[in-house]
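The file start_14.cif comes next; it holds mmCIF, C-alpha atoms.
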data_my_file
#
loop_
_atom_site.label_atom_id
_atom_site.label_comp_id
_atom_site.auth_asym_id
_atom_site.auth_seq_id
_atom_site.Cartn_x
_atom_site.Cartn_y
_atom_site.Cartn_z
CA ASP Y 1 -7.62 -22.19 -8.81
CA GLN Y 2 -7.89 -18.71 -10.20
CA GLN Y 3 -11.28 -17.27 -9.32
CA VAL Y 4 -10.85 -13.96 -11.13
CA LYS Y 5 -9.32 -14.12 -14.58
CA GLN Y 6 -7.99 -11.38 -16.80
CA ASN Y 7 -6.89 -13.24 -19.87
CA SER Y 8 -5.33 -10.32 -21.71
CA PRO Y 9 -2.00 -9.35 -20.16
CA SER Y 10 -1.86 -6.21 -22.29
CA LEU Y 11 -3.95 -4.09 -24.60
CA SER Y 12 -3.07 -1.21 -26.92
CA VAL Y 13 -5.68 1.35 -27.94
CA GLN Y 14 -5.50 4.51 -29.99
CA GLU Y 15 -6.10 7.74 -28.10
CA GLY Y 16 -9.71 8.83 -28.42
CA ARG Y 17 -11.03 5.32 -29.12
CA ILE Y 18 -12.78 2.97 -26.73
CA SER Y 19 -10.76 0.71 -24.42
CA ILE Y 20 -12.47 -2.51 -23.33
CA LEU Y 21 -10.91 -4.55 -20.56
CA ASN Y 22 -12.40 -7.93 -19.81
CA CYS Y 23 -12.64 -10.04 -16.70
CA ASP Y 24 -14.15 -13.46 -16.02
CA TYR Y 25 -14.90 -15.07 -12.68
CA THR Y 26 -15.70 -18.58 -11.59
CA ASN Y 27 -17.20 -18.20 -8.13
CA SER Y 28 -20.97 -17.72 -8.31
CA MET Y 29 -20.90 -16.39 -4.73
CA PHE Y 30 -19.23 -13.18 -5.87
CA ASP Y 31 -21.71 -10.34 -5.54
CA TYR Y 32 -19.54 -7.25 -5.75
CA PHE Y 33 -16.93 -6.35 -8.32
CA LEU Y 34 -14.30 -3.65 -8.45
CA TRP Y 35 -11.75 -2.25 -10.86
CA TYR Y 36 -8.47 -0.78 -9.67
CA LYS Y 37 -5.97 1.24 -11.64
CA LYS Y 38 -2.26 1.14 -10.97
CA TYR Y 39 0.50 3.43 -12.21
CA PRO Y 40 4.17 2.44 -11.94
CA ALA Y 41 5.73 3.16 -8.53
CA GLU Y 42 2.31 3.71 -6.98
CA GLY Y 43 -0.22 1.56 -5.20
CA PRO Y 44 -3.48 0.54 -6.87
CA THR Y 45 -6.34 3.02 -6.60
CA PHE Y 46 -10.04 2.26 -6.69
CA LEU Y 47 -11.67 3.15 -10.01
CA ILE Y 48 -15.23 1.88 -10.20
CA SER Y 49 -17.39 -0.91 -8.80
CA ILE Y 50 -20.64 -2.72 -9.46
CA SER Y 51 -23.00 -4.76 -7.35
CA SER Y 52 -24.45 -7.99 -8.70
CA ILE Y 53 -27.94 -6.50 -8.55
CA LYS Y 54 -26.96 -4.18 -11.39
CA ASP Y 55 -25.73 -4.85 -14.90
CA LYS Y 56 -24.14 -1.47 -15.53
CA ASN Y 57 -22.48 1.30 -13.59
CA GLU Y 58 -21.18 4.48 -15.11
CA ASP Y 59 -18.80 7.12 -13.79
CA GLY Y 60 -17.73 9.71 -16.32
CA ARG Y 61 -15.64 8.07 -19.02
CA PHE Y 62 -15.69 4.73 -17.19
CA THR Y 63 -18.48 2.17 -17.43
CA VAL Y 64 -18.51 -1.31 -15.99
CA PHE Y 65 -20.85 -3.95 -17.42
CA LEU Y 66 -21.75 -7.14 -15.60
CA ASN Y 67 -23.13 -10.26 -17.25
CA LYS Y 68 -23.94 -12.62 -14.38
CA SER Y 69 -25.06 -15.52 -16.53
CA ALA Y 70 -21.73 -15.49 -18.34
CA LYS Y 71 -19.77 -14.62 -15.17
CA HIS Y 72 -18.15 -11.84 -17.12
CA LEU Y 73 -17.56 -8.17 -16.56
CA SER Y 74 -15.92 -5.52 -18.66
CA LEU Y 75 -14.59 -2.02 -18.15
CA HIS Y 76 -15.15 0.47 -20.95
CA ILE Y 77 -13.15 3.68 -21.16
CA VAL Y 78 -14.47 6.24 -23.62
CA PRO Y 79 -12.69 8.18 -24.95
CA SER Y 80 -9.30 6.77 -24.03
CA GLN Y 81 -6.73 9.31 -22.92
CA PRO Y 82 -2.94 9.09 -22.47
CA GLY Y 83 -3.34 9.21 -18.68
CA ASP Y 84 -5.33 5.98 -18.87
CA SER Y 85 -2.15 4.05 -19.62
CA ALA Y 86 -1.80 1.87 -16.53
CA VAL Y 87 -2.36 -1.63 -15.22
CA TYR Y 88 -6.00 -2.41 -14.46
CA PHE Y 89 -6.95 -5.02 -11.89
CA CYS Y 90 -10.34 -6.64 -11.78
CA ALA Y 91 -11.41 -7.77 -8.30
CA ALA Y 92 -14.37 -9.53 -6.76
CA SER Y 93 -15.87 -10.18 -3.36
CA ALA Y 94 -18.60 -12.32 -1.84
CA LEU Y 95 -20.13 -9.85 0.59
CA ALA Y 96 -22.71 -12.33 1.79
CA ARG Y 97 -19.93 -14.65 2.95
CA ASP Y 98 -17.02 -12.40 3.93
CA ASP Y 99 -15.40 -9.21 2.77
CA LYS Y 100 -12.30 -10.69 1.22
CA ILE Y 101 -11.31 -9.21 -2.13
CA ILE Y 102 -9.88 -11.51 -4.80
CA PHE Y 103 -7.79 -9.87 -7.52
CA GLY Y 104 -7.11 -10.84 -11.11
CA LYS Y 105 -3.63 -10.76 -12.62
CA GLY Y 106 -4.12 -7.38 -14.24
CA THR Y 107 -4.17 -6.00 -17.80
CA ARG Y 108 -1.65 -3.40 -18.92
CA LEU Y 109 -3.34 -0.78 -21.06
CA HIS Y 110 -1.27 1.29 -23.48
CA ILE Y 111 -2.90 4.34 -25.01
CA LEU Y 112 -1.20 5.14 -28.31
CA PRO Y 113 -0.91 8.74 -29.55
CA GLU I 1 -4.98 13.65 3.83
CA ALA I 2 -6.05 10.01 3.94
CA GLN I 3 -3.07 7.82 3.31
CA VAL I 4 -1.28 4.54 3.84
CA THR I 5 2.46 4.83 4.27
CA GLN I 6 5.04 2.10 3.88
CA ASN I 7 8.71 2.05 4.74
CA PRO I 8 11.13 1.43 3.26
CA ARG I 9 10.10 1.96 -0.37
CA TYR I 10 13.08 0.00 -1.65
CA LEU I 11 15.14 -2.64 0.08
CA ILE I 12 17.91 -4.94 -1.04
CA THR I 13 18.93 -7.58 1.47
CA VAL I 14 20.57 -10.96 1.72
CA THR I 15 19.10 -14.35 2.40
CA GLY I 16 18.38 -14.99 6.05
CA LYS I 17 18.68 -11.45 7.35
CA LYS I 18 15.51 -10.56 9.23
CA LEU I 19 13.65 -7.51 8.04
CA THR I 20 10.48 -5.58 8.80
CA VAL I 21 8.41 -3.49 6.43
CA THR I 22 6.28 -0.98 8.28
CA CYS I 23 2.77 0.09 7.32
CA SER I 24 0.72 2.85 8.88
CA GLN I 25 -2.70 4.34 8.06
CA ASN I 26 -4.37 7.50 9.33
CA MET I 27 -8.01 6.68 8.56
CA ASN I 28 -8.87 4.66 11.67
CA HIS I 29 -9.60 1.65 9.47
CA GLU I 30 -10.20 -1.66 11.14
CA TYR I 31 -9.12 -3.87 8.24
CA MET I 32 -5.51 -3.96 7.05
CA SER I 33 -3.78 -6.37 4.74
CA TRP I 34 -0.56 -7.13 2.93
CA TYR I 35 -0.30 -8.12 -0.72
CA ARG I 36 2.53 -9.08 -2.97
CA GLN I 37 2.56 -8.37 -6.68
CA ASP I 38 4.52 -10.61 -9.00
CA PRO I 39 4.67 -10.63 -12.81
CA GLY I 40 1.95 -12.84 -14.25
CA LEU I 41 0.45 -13.48 -10.82
CA GLY I 42 -1.25 -10.21 -9.97
CA LEU I 43 -1.98 -9.23 -6.39
CA ARG I 44 -2.01 -12.00 -3.83
CA GLN I 45 -2.94 -11.50 -0.21
CA ILE I 46 -0.32 -12.50 2.36
CA TYR I 47 -1.95 -11.70 5.69
CA TYR I 48 -4.84 -9.60 6.89
CA SER I 49 -6.10 -8.16 10.15
CA MET I 50 -9.70 -7.36 10.96
CA ASN I 51 -8.79 -5.38 14.07
CA VAL I 52 -6.20 -4.96 16.81
CA GLU I 53 -4.74 -8.28 17.91
CA VAL I 54 -6.70 -10.14 15.22
CA THR I 55 -4.67 -11.44 12.28
CA ASP I 56 -5.18 -14.25 9.80
CA LYS I 57 -3.47 -15.88 6.86
CA GLY I 58 -4.21 -14.86 3.33
CA ASP I 59 -3.40 -16.88 0.23
CA VAL I 60 0.42 -16.87 0.43
CA PRO I 61 1.44 -16.55 4.11
CA GLU I 62 4.48 -18.87 4.13
CA GLY I 63 7.65 -17.11 5.24
CA TYR I 64 5.89 -14.05 6.63
CA LYS I 65 4.67 -12.83 9.99
CA VAL I 66 2.54 -9.86 10.97
CA SER I 67 1.39 -8.16 14.13
CA ARG I 68 -1.40 -5.70 14.94
CA LYS I 69 -0.70 -4.14 18.30
CA GLU I 70 -2.16 -0.78 17.34
CA LYS I 71 -4.99 0.04 15.00
CA ARG I 72 -2.90 2.24 12.72
CA ASN I 73 0.14 -0.03 12.27
CA PHE I 74 0.49 -3.38 10.56
CA PRO I 75 4.14 -4.39 10.06
CA LEU I 76 5.19 -7.25 7.80
CA ILE I 77 8.05 -9.34 9.14
CA LEU I 78 10.32 -11.64 7.16
CA GLU I 79 12.22 -13.66 9.76
CA SER I 80 14.52 -15.36 7.25
CA PRO I 81 14.04 -13.86 3.78
CA SER I 82 14.67 -16.01 0.75
CA PRO I 83 15.09 -15.07 -2.94
CA ASN I 84 11.55 -16.24 -3.74
CA GLN I 85 10.30 -13.40 -1.56
CA THR I 86 11.72 -10.88 -3.98
CA SER I 87 8.60 -8.98 -4.92
CA LEU I 88 6.63 -5.75 -4.78
CA TYR I 89 4.69 -5.49 -1.54
CA PHE I 90 1.59 -3.41 -0.87
CA CYS I 91 -0.12 -2.65 2.38
CA ALA I 92 -3.81 -1.73 2.26
CA SER I 93 -6.46 -0.58 4.69
CA ARG I 94 -10.23 -0.11 4.63
CA PRO I 95 -13.19 -0.01 6.97
CA ARG I 96 -14.25 -3.43 8.07
CA GLY I 97 -17.71 -4.60 7.24
CA SER I 98 -19.85 -6.24 4.68
CA LEU I 99 -20.97 -3.08 3.02
CA ALA I 100 -20.14 -2.50 -0.60
CA GLY I 101 -19.01 1.01 0.19
CA ASP I 102 -16.47 -0.31 2.65
CA LEU I 103 -14.76 -2.33 -0.06
CA SER I 104 -14.48 0.63 -2.40
CA GLU I 105 -12.83 2.63 0.38
CA GLN I 106 -9.74 0.44 0.31
CA TYR I 107 -6.54 2.45 0.13
CA PHE I 108 -3.18 1.03 -0.87
CA GLY I 109 0.24 2.18 0.17
CA PRO I 110 2.83 3.16 -2.46
CA GLY I 111 4.57 -0.19 -2.36
CA THR I 112 7.88 -1.62 -1.15
CA ARG I 113 10.16 -3.21 -3.70
CA LEU I 114 12.14 -5.94 -1.97
CA THR I 115 15.08 -7.79 -3.48
CA VAL I 116 16.56 -10.76 -1.63
CA THR I 117 19.91 -12.00 -2.96
#
The structure given in the file should be rewritten as structure tokens.
Amino acid sequence: DQQVKQNSPSLSVQEGRISILNCDYTNSMFDYFLWYKKYPAEGPTFLISISSIKDKNEDGRFTVFLNKSAKHLSLHIVPSQPGDSAVYFCAASALARDDKIIFGKGTRLHILP
Amino acid sequence: EAQVTQNPRYLITVTGKKLTVTCSQNMNHEYMSWYRQDPGLGLRQIYYSMNVEVTDKGDVPEGYKVSRKEKRNFPLILESPSPNQTSLYFCASRPRGSLAGDLSEQYFGPGTRLTVT
């Protein structure tokens, strides 16, 4: 049973436009969400996170939105740059229960020139 | 520089030949874990360790062993590798705790690409 779902395996966006990566989760116990970015031949690196007590967190060009009622979060990248081409993993944790992190399958983002 | 190192980075081996992938971190983190990444399946946790001498199974532990004799090292052992263990493996470490900041301090190693023929 997949608890964190990224239903789009890939996404192509024109440079300078907004990239929106989506993630859905099924476990209502999740109270902390993270996005990781992964380049080829490298390990994933932490990008941005959000606690369930918030509905938005912003860090420069990256904003994560959380809709708890829909069990949905999204990562917005504005404006998209060539260096944003990577695989993005959505992840979630239930801090109140344990500190295990559950990852989605990832979305490959291609930024087109 | 804070880092997680893995060795080897690439390995081609044959079925049944025991192998060990080493993992070391220099951040004094309590929590270490191993993941495998497969196409269409994302990152799945194999084993984790909350501290020295404390290890536990993740989501896909079959065919793997780990040990945590020292805080900095967390080797992954394949006693009898099989072709279905061909994958990209990542070691990760972070502080242990139930603080949100601890989770965002997770660092991954560069990965080990293993091929079992």
Distance-based interface of chain I with chain Y, 7 Å, counting all atoms listed in the file, as an NGL selection string: :I and (40-43 or 90 or 97-98 or 104 or 107-111)
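In this structure, CA of Leu103 (chain I) sits 28.1 Å away from CA of Thr86 (chain I).
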Given the PyMOL selection byres ((chain I and resi 18) around 10), the residues it picks as a list in words: Thr13, Val14, Thr15, Gly16, Lys17, Leu19, Thr20, Ile77, Leu78, Glu79, Ser80 and Pro81 of chain I
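For the pair CA of Gly16 (chain Y) and CA of Leu75 (chain Y), the separation is 15.7 Å.
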Gap from CA of His76 (chain Y) to CA of Phe62 (chain Y) - Å, one decimal: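 Computing it gives 5.7 Å between the two atoms.
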Once 3 Å is added on each side, what are the centre and the three edge lengths, in Å to one decimal, of the axis-aligned box enclosing the listed atoms of region 15-25 of chain I? Present them as AutoDock Vina command-line options.
--center_x 8.2 --center_y -5.3 --center_z 5.8 --size_x 27.8 --size_y 25.3 --size_z 12.8
Residues within 10 Å of (-12.8, 9.2, -16.8), counting only C-alpha atoms, listed as a list in words: Leu47, Glu58, Asp59, Gly60, Arg61, Phe62, Thr63, His76, Ile77, Val78, Pro79, Ser80, Gln81, Gly83 and Asp84 of chain Y
Rebuild N, CA and C atoms on region 79-107 of chain Y, as a CSV table (one decimal), keeping the file's coordinate frame?
chain,number,residue,atom,x,y,z
Y,79,PRO,N,-13.8,8.6,-24.0
Y,79,PRO,CA,-12.7,8.2,-25.0
Y,79,PRO,C,-11.4,7.9,-24.2
Y,80,SER,N,-10.6,7.1,-24.7
Y,80,SER,CA,-9.3,6.8,-24.0
Y,80,SER,C,-8.3,8.0,-24.1
Y,81,GLN,N,-7.7,8.2,-23.0
Y,81,GLN,CA,-6.7,9.3,-22.9
Y,81,GLN,C,-5.3,8.8,-22.5
Y,82,PRO,N,-4.3,9.6,-22.8
Y,82,PRO,CA,-2.9,9.1,-22.5
Y,82,PRO,C,-2.8,8.7,-21.0
Y,83,GLY,N,-3.4,9.5,-20.1
Y,83,GLY,CA,-3.3,9.2,-18.7
Y,83,GLY,C,-4.0,7.9,-18.3
Y,84,ASP,N,-4.7,7.3,-19.2
Y,84,ASP,CA,-5.3,6.0,-18.9
Y,84,ASP,C,-4.3,4.8,-19.0
Y,85,SER,N,-3.2,5.1,-19.5
Y,85,SER,CA,-2.2,4.0,-19.6
Y,85,SER,C,-1.7,3.6,-18.2
Y,86,ALA,N,-2.0,2.4,-17.9
Y,86,ALA,CA,-1.8,1.9,-16.5
Y,86,ALA,C,-2.1,0.4,-16.5
Y,87,VAL,N,-1.9,-0.2,-15.4
Y,87,VAL,CA,-2.4,-1.6,-15.2
Y,87,VAL,C,-3.7,-1.6,-14.5
Y,88,TYR,N,-4.7,-2.4,-15.0
Y,88,TYR,CA,-6.0,-2.4,-14.5
Y,88,TYR,C,-6.2,-3.8,-13.8
Y,89,PHE,N,-6.6,-3.8,-12.6
Y,89,PHE,CA,-7.0,-5.0,-11.9
Y,89,PHE,C,-8.5,-5.1,-11.7
Y,90,CYS,N,-9.0,-6.3,-12.1
Y,90,CYS,CA,-10.3,-6.6,-11.8
Y,90,CYS,C,-10.3,-7.4,-10.4
Y,91,ALA,N,-11.4,-7.1,-9.6
Y,91,ALA,CA,-11.4,-7.8,-8.3
Y,91,ALA,C,-12.9,-8.1,-8.0
Y,92,ALA,N,-13.0,-9.1,-7.1
Y,92,ALA,CA,-14.4,-9.5,-6.8
Y,92,ALA,C,-14.4,-9.9,-5.3
Y,93,SER,N,-15.7,-9.8,-4.8
Y,93,SER,CA,-15.9,-10.2,-3.4
Y,93,SER,C,-17.2,-10.8,-3.2
Y,94,ALA,N,-17.3,-11.7,-2.2
Y,94,ALA,CA,-18.6,-12.3,-1.8
Y,94,ALA,C,-19.1,-11.7,-0.5
Y,95,LEU,N,-19.8,-10.6,-0.6
Y,95,LEU,CA,-20.1,-9.8,0.6
Y,95,LEU,C,-21.0,-10.7,1.5
Y,96,ALA,N,-21.8,-11.5,1.0
Y,96,ALA,CA,-22.7,-12.3,1.8
Y,96,ALA,C,-21.9,-13.3,2.6
Y,97,ARG,N,-20.7,-13.6,2.2
Y,97,ARG,CA,-19.9,-14.6,3.0
Y,97,ARG,C,-18.9,-14.0,3.8
Y,98,ASP,N,-18.0,-13.1,3.2
Y,98,ASP,CA,-17.0,-12.4,3.9
Y,98,ASP,C,-16.7,-11.2,3.1
Y,99,ASP,N,-15.7,-10.4,3.5
Y,99,ASP,CA,-15.4,-9.2,2.8
Y,99,ASP,C,-14.0,-9.3,2.2
Y,100,LYS,N,-13.6,-10.5,1.9
Y,100,LYS,CA,-12.3,-10.7,1.2
Y,100,LYS,C,-12.4,-10.3,-0.2
Y,101,ILE,N,-11.4,-9.6,-0.7
Y,101,ILE,CA,-11.3,-9.2,-2.1
Y,101,ILE,C,-10.3,-10.1,-2.9
Y,102,ILE,N,-10.7,-10.7,-4.0
Y,102,ILE,CA,-9.9,-11.5,-4.8
Y,102,ILE,C,-9.5,-10.7,-6.1
Y,103,PHE,N,-8.2,-10.6,-6.4
Y,103,PHE,CA,-7.8,-9.9,-7.5
Y,103,PHE,C,-7.4,-10.8,-8.7
Y,104,GLY,N,-7.6,-10.2,-9.9
Y,104,GLY,CA,-7.1,-10.8,-11.1
Y,104,GLY,C,-5.7,-10.5,-11.3
Y,105,LYS,N,-5.1,-11.0,-12.4
Y,105,LYS,CA,-3.6,-10.8,-12.6
Y,105,LYS,C,-3.3,-9.4,-13.2
Y,106,GLY,N,-4.3,-8.7,-13.7
Y,106,GLY,CA,-4.1,-7.4,-14.2
Y,106,GLY,C,-4.0,-7.4,-15.7
Y,107,THR,N,-4.4,-6.2,-16.4
Y,107,THR,CA,-4.2,-6.0,-17.8
Y,107,THR,C,-3.5,-4.7,-17.9
